[in-house]
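**Student:** Quick one: the structure is below, questions incoming.
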Amino acid sequence: MLTQTTTRVLEPSDLGAALAVLESEPVANAFVTSRVQIAGLDPWRLGGEMWGWYADGRLRSLCYSGANLVPICATPEAVRAFADRARRTGRRCSSIVGPAEPTAQLWRLLEPGWGPAREVRANQPLMVTESPSADVAPDPLVRRIRKDEMDILMPACVAMFTEEVGISPLAGDGGLLYQARVAELIGSGRSFARIEDGKVLFKAEIGAATSQACQIQGVWVAPEHRGRGLSEAGMAAVLRYALADVAPVVSLYVNDYNTPARRAYARVGFRETGAFMSVLF
């Protein structure tokens with residue numbers, strides 16, 4: 001018997017109920033939803049546990065606990081329950097990330113035991129569009145990356161990650177997991193770039209994809225080519241691919257202090273609809 005509220009690790013048999021929660025907010029939950037749709041709820045395949053919070057016998061909130069700790073549709077009471085479980089298990093994640101309000105509450109509860117964080121990004125606007133850019137022409141030279149071009153793309157991916165996160169993705173395991181992720185995106189046709197003379201000028205990926213929404217990530221322009229509008233035209237091209245081939249809604253989130261990027265995305269047609277928060281360890 002379930003008590004009025006309870007929290008437990010979900011099992012493969014809970015998949016339907018978990019997907020119902022995830023799909024209730026398809027844009028905000030696109031990253032975790034895409035993982036669950038592919039891997040199910042088995043922790044080995046999923047890369048972490050999915051915690052469920054129940055109220056009156058019904059699954060109401062989730063929290064993914066893997067490389068990231070991600071509160072999902074989490075009420076304040078659910079966040080408190082997830083924080084209690086996270087404290088008991090200890091920190092295993094490299095970041096906490098999710099919608100700003102529950103993520104901020106989760107971090108307030110965990111910071112005394114898990115802090116200090118390497119960096120806290122408290123306001124990362126979530127931007128969304130359902131239409132191709134009306135004002136920016138897509139860059140005709142931005143295209144899908146072929147599998148035999150991974151060696152060309154990889155230095156740009158490493159540079160983007162290092163610039164964005166503050167540490168190299170090659171640290172620790174020598175970059176094996178990161179290279180596998182890049183290869184996965186290329187293999188699934190979700191990696192895009194403009195390449196000239198064997199060098200990447202612009203790149204971006206569709207990092208998460210469901211039938212309802214997808215999320216663009218890893219946007220990067222080579223430093224020597226910045227300020228030329230490559231990000232806008234490149235994003236317009238990736239947006240066109242995403243809407244035509246992947247999902248009817250396209251999203252991304254960006255650091256609030258990155259004013260040039262926010263302006264560029266707005267010109268392409270993205271509008272701010274909410275905010276994420278990231279805590280980096």
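Residue numbering restarts at 1 in every chain; chains get A, B, ... in the order shown in the structure tokens, and ligands count up from 1 in that same order.
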If you run DSSP on this backbone, which residues of range 79-179 of chain A come out as alpha helix (DSSP H), and could you give them as a PyMOL selection string?
**Tutor:** chain A and resi 79-89+100-114+150-165+171-174+176-179
**Student:** Any idea what's packed within 10 Å of Val142 in chain A, counting only C-alpha atoms, ignoring anything in its chain fewer than 6 positions away? Could you give it as an MDAnalysis selection string?
**Tutor:** chainID A and resid 192:195 201:204 230 233:238
**Student:** Those same residues - N, CA, C and O atoms - I'd like them written as a PDB file, in the first residue's frame.
**Tutor:**
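Saved file out_9.pdb follows:
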ATOM      1  N   PHE A 192      25.027  19.304 -37.148  1.00  0.00           N
ATOM      2  CA  PHE A 192      25.055  20.189 -38.304  1.00  0.00           C
ATOM      3  C   PHE A 192      26.245  21.144 -38.209  1.00  0.00           C
ATOM      4  O   PHE A 192      26.642  21.551 -37.118  1.00  0.00           O
ATOM      5  N   ALA A 193      26.791  21.511 -39.365  1.00  0.00           N
ATOM      6  CA  ALA A 193      27.916  22.447 -39.360  1.00  0.00           C
ATOM      7  C   ALA A 193      28.104  23.069 -40.738  1.00  0.00           C
ATOM      8  O   ALA A 193      27.634  22.546 -41.754  1.00  0.00           O
ATOM      9  N   ARG A 194      28.810  24.172 -40.713  1.00  0.00           N
ATOM     10  CA  ARG A 194      29.347  24.772 -41.940  1.00  0.00           C
ATOM     11  C   ARG A 194      30.848  24.544 -41.905  1.00  0.00           C
ATOM     12  O   ARG A 194      31.525  24.995 -40.970  1.00  0.00           O
ATOM     13  N   ILE A 195      31.351  23.851 -42.885  1.00  0.00           N
ATOM     14  CA  ILE A 195      32.770  23.501 -42.941  1.00  0.00           C
ATOM     15  C   ILE A 195      33.380  24.114 -44.193  1.00  0.00           C
ATOM     16  O   ILE A 195      32.846  23.957 -45.297  1.00  0.00           O
ATOM     17  N   LEU A 201      33.246  26.370 -39.182  1.00  0.00           N
ATOM     18  CA  LEU A 201      32.981  27.787 -38.915  1.00  0.00           C
ATOM     19  C   LEU A 201      31.802  27.950 -37.959  1.00  0.00           C
ATOM     20  O   LEU A 201      31.794  28.843 -37.110  1.00  0.00           O
ATOM     21  N   PHE A 202      30.800  27.111 -38.125  1.00  0.00           N
ATOM     22  CA  PHE A 202      29.598  27.113 -37.279  1.00  0.00           C
ATOM     23  C   PHE A 202      29.180  25.673 -37.058  1.00  0.00           C
ATOM     24  O   PHE A 202      29.328  24.828 -37.942  1.00  0.00           O
ATOM     25  N   LYS A 203      28.647  25.390 -35.856  1.00  0.00           N
ATOM     26  CA  LYS A 203      28.094  24.062 -35.599  1.00  0.00           C
ATOM     27  C   LYS A 203      26.985  24.145 -34.564  1.00  0.00           C
ATOM     28  O   LYS A 203      26.910  25.078 -33.758  1.00  0.00           O
ATOM     29  N   ALA A 204      26.114  23.164 -34.598  1.00  0.00           N
ATOM     30  CA  ALA A 204      25.047  23.004 -33.597  1.00  0.00           C
ATOM     31  C   ALA A 204      24.501  21.594 -33.735  1.00  0.00           C
ATOM     32  O   ALA A 204      24.648  20.955 -34.775  1.00  0.00           O
ATOM     33  N   LEU A 230      27.094  34.548 -38.710  1.00  0.00           N
ATOM     34  CA  LEU A 230      27.078  33.109 -38.988  1.00  0.00           C
ATOM     35  C   LEU A 230      26.152  32.356 -38.035  1.00  0.00           C
ATOM     36  O   LEU A 230      25.521  31.371 -38.425  1.00  0.00           O
ATOM     37  N   ALA A 233      22.345  32.892 -39.301  1.00  0.00           N
ATOM     38  CA  ALA A 233      22.044  32.126 -40.517  1.00  0.00           C
ATOM     39  C   ALA A 233      22.190  30.631 -40.273  1.00  0.00           C
ATOM     40  O   ALA A 233      21.416  29.827 -40.796  1.00  0.00           O
ATOM     41  N   GLY A 234      23.172  30.262 -39.449  1.00  0.00           N
ATOM     42  CA  GLY A 234      23.354  28.858 -39.125  1.00  0.00           C
ATOM     43  C   GLY A 234      22.191  28.308 -38.325  1.00  0.00           C
ATOM     44  O   GLY A 234      21.692  27.208 -38.581  1.00  0.00           O
ATOM     45  N   MET A 235      21.733  29.079 -37.318  1.00  0.00           N
ATOM     46  CA  MET A 235      20.601  28.643 -36.522  1.00  0.00           C
ATOM     47  C   MET A 235      19.331  28.559 -37.368  1.00  0.00           C
ATOM     48  O   MET A 235      18.500  27.655 -37.174  1.00  0.00           O
ATOM     49  N   ALA A 236      19.165  29.486 -38.297  1.00  0.00           N
ATOM     50  CA  ALA A 236      17.996  29.425 -39.182  1.00  0.00           C
ATOM     51  C   ALA A 236      18.017  28.140 -39.997  1.00  0.00           C
ATOM     52  O   ALA A 236      16.964  27.526 -40.237  1.00  0.00           O
ATOM     53  N   ALA A 237      19.214  27.710 -40.403  1.00  0.00           N
ATOM     54  CA  ALA A 237      19.332  26.467 -41.170  1.00  0.00           C
ATOM     55  C   ALA A 237      19.019  25.260 -40.303  1.00  0.00           C
ATOM     56  O   ALA A 237      18.269  24.356 -40.714  1.00  0.00           O
ATOM     57  N   VAL A 238      19.575  25.212 -39.086  1.00  0.00           N
ATOM     58  CA  VAL A 238      19.315  24.078 -38.193  1.00  0.00           C
ATOM     59  C   VAL A 238      17.834  24.044 -37.810  1.00  0.00           C
ATOM     60  O   VAL A 238      17.221  22.966 -37.733  1.00  0.00           O
TER      61      VAL A 238
END
**Student:** Determine which residues of range 81-277 of chain A receive a DSSP assignment of strand (DSSP E or B), computed from the backbone, and state them as a PyMOL selection string.
**Tutor:** chain A and resi 95-99+119-129+143-144+191-196+199-209+214-221+250-253+271-277
**Student:** Pick from A:Ala247, A:Leu110, A:Ala180, A:Met150: nearest to Thr210 in chain A, with only C-alpha atoms counted?
**Tutor:**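 Counting only C-alpha atoms, the residue closest to Thr210 in chain A is A:Ala247.
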**Student:** Return the single residue from A:Tyr178, A:Tyr265, A:Trp107, A:Trp220 that is closest to Val70 in chain A, with distances computed using only C-alpha atoms.
**Tutor:**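 Smallest separation from Val70 in chain A among the options: A:Trp107.
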**Student:** Fewer than 3 positions away in the same chain doesn't count, so skip those; otherwise give me all residues within 8 Å of Val158 in chain A, counting only C-alpha atoms, as number ranges by chain.
**Tutor:** A: 154-155, 161-162, 168-170
**Student:** Please build the interface table for range 92-130 of chain A against range 29-47 of chain A with a cut-off of 12 Å, listing for each qualifying residue the nearest atom pair and the distance in Å to one decimal; count only C-alpha atoms, order rows by chain and increasing number, and write it as CSV.
**Tutor:**
residue,atom,partner,partner_atom,distance
A:Arg92,CA,A:Gly47,CA,11.8
A:Cys93,CA,A:Gly47,CA,11.2
A:Val97,CA,A:Phe31,CA,10.8
A:Gly98,CA,A:Asn29,CA,8.5
A:Pro99,CA,A:Asn29,CA,9.0
A:Leu126,CA,A:Asn29,CA,11.7
**Student:** Between A:Gly187, A:Gly115, A:Gly166, A:Gly57, which is the closest to Asp148 in chain A once you count only C-alpha atoms?
**Tutor:**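 Of A:Gly187, A:Gly115, A:Gly166, A:Gly57, the one nearest Asp148 in chain A is A:Gly187, counting only C-alpha atoms.
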**Student:** Could you check which of A:Arg240, A:Met127, A:Arg88, A:Leu153 is closest to Ala261 in chain A, using only C-alpha atoms?
**Tutor:**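 Among A:Arg240, A:Met127, A:Arg88, A:Leu153, it is A:Met127 that comes nearest to Ala261 in chain A.
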**Student:** Write out as a PyMOL selection string the residues lying within 10 Å of Arg60 in chain A, counting only C-alpha atoms and excluding same-chain residues fewer than 5 positions away.
**Tutor:** chain A and resi 5+17-18+20-22+52-55+72-75+78
**Student:** I'd like to know which of A:Val165, A:Met160, A:Leu69, A:Val268 is closest to Val221 in chain A, using only C-alpha atoms.
**Tutor:**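 Going through A:Val165, A:Met160, A:Leu69, A:Val268 one by one, the smallest distance to Val221 in chain A is for A:Met160.
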**Student:** In Å, rounded to a single decimal, give me how far CA of Ser24 in chain A is from CA of Asp56 in chain A.
**Tutor:**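 Interatomic distance here is 18.8 Å.
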**Student:** Tell me, as a list in words, which residues lie within 9 Å of Ala81 in chain A, counting only C-alpha atoms; anything in the same chain fewer than 3 positions away does not count.
**Tutor:** Thr6, Thr7, Trp53, Pro76, Glu77, Ala78, Asp84, Arg85 and Ala86 of chain A
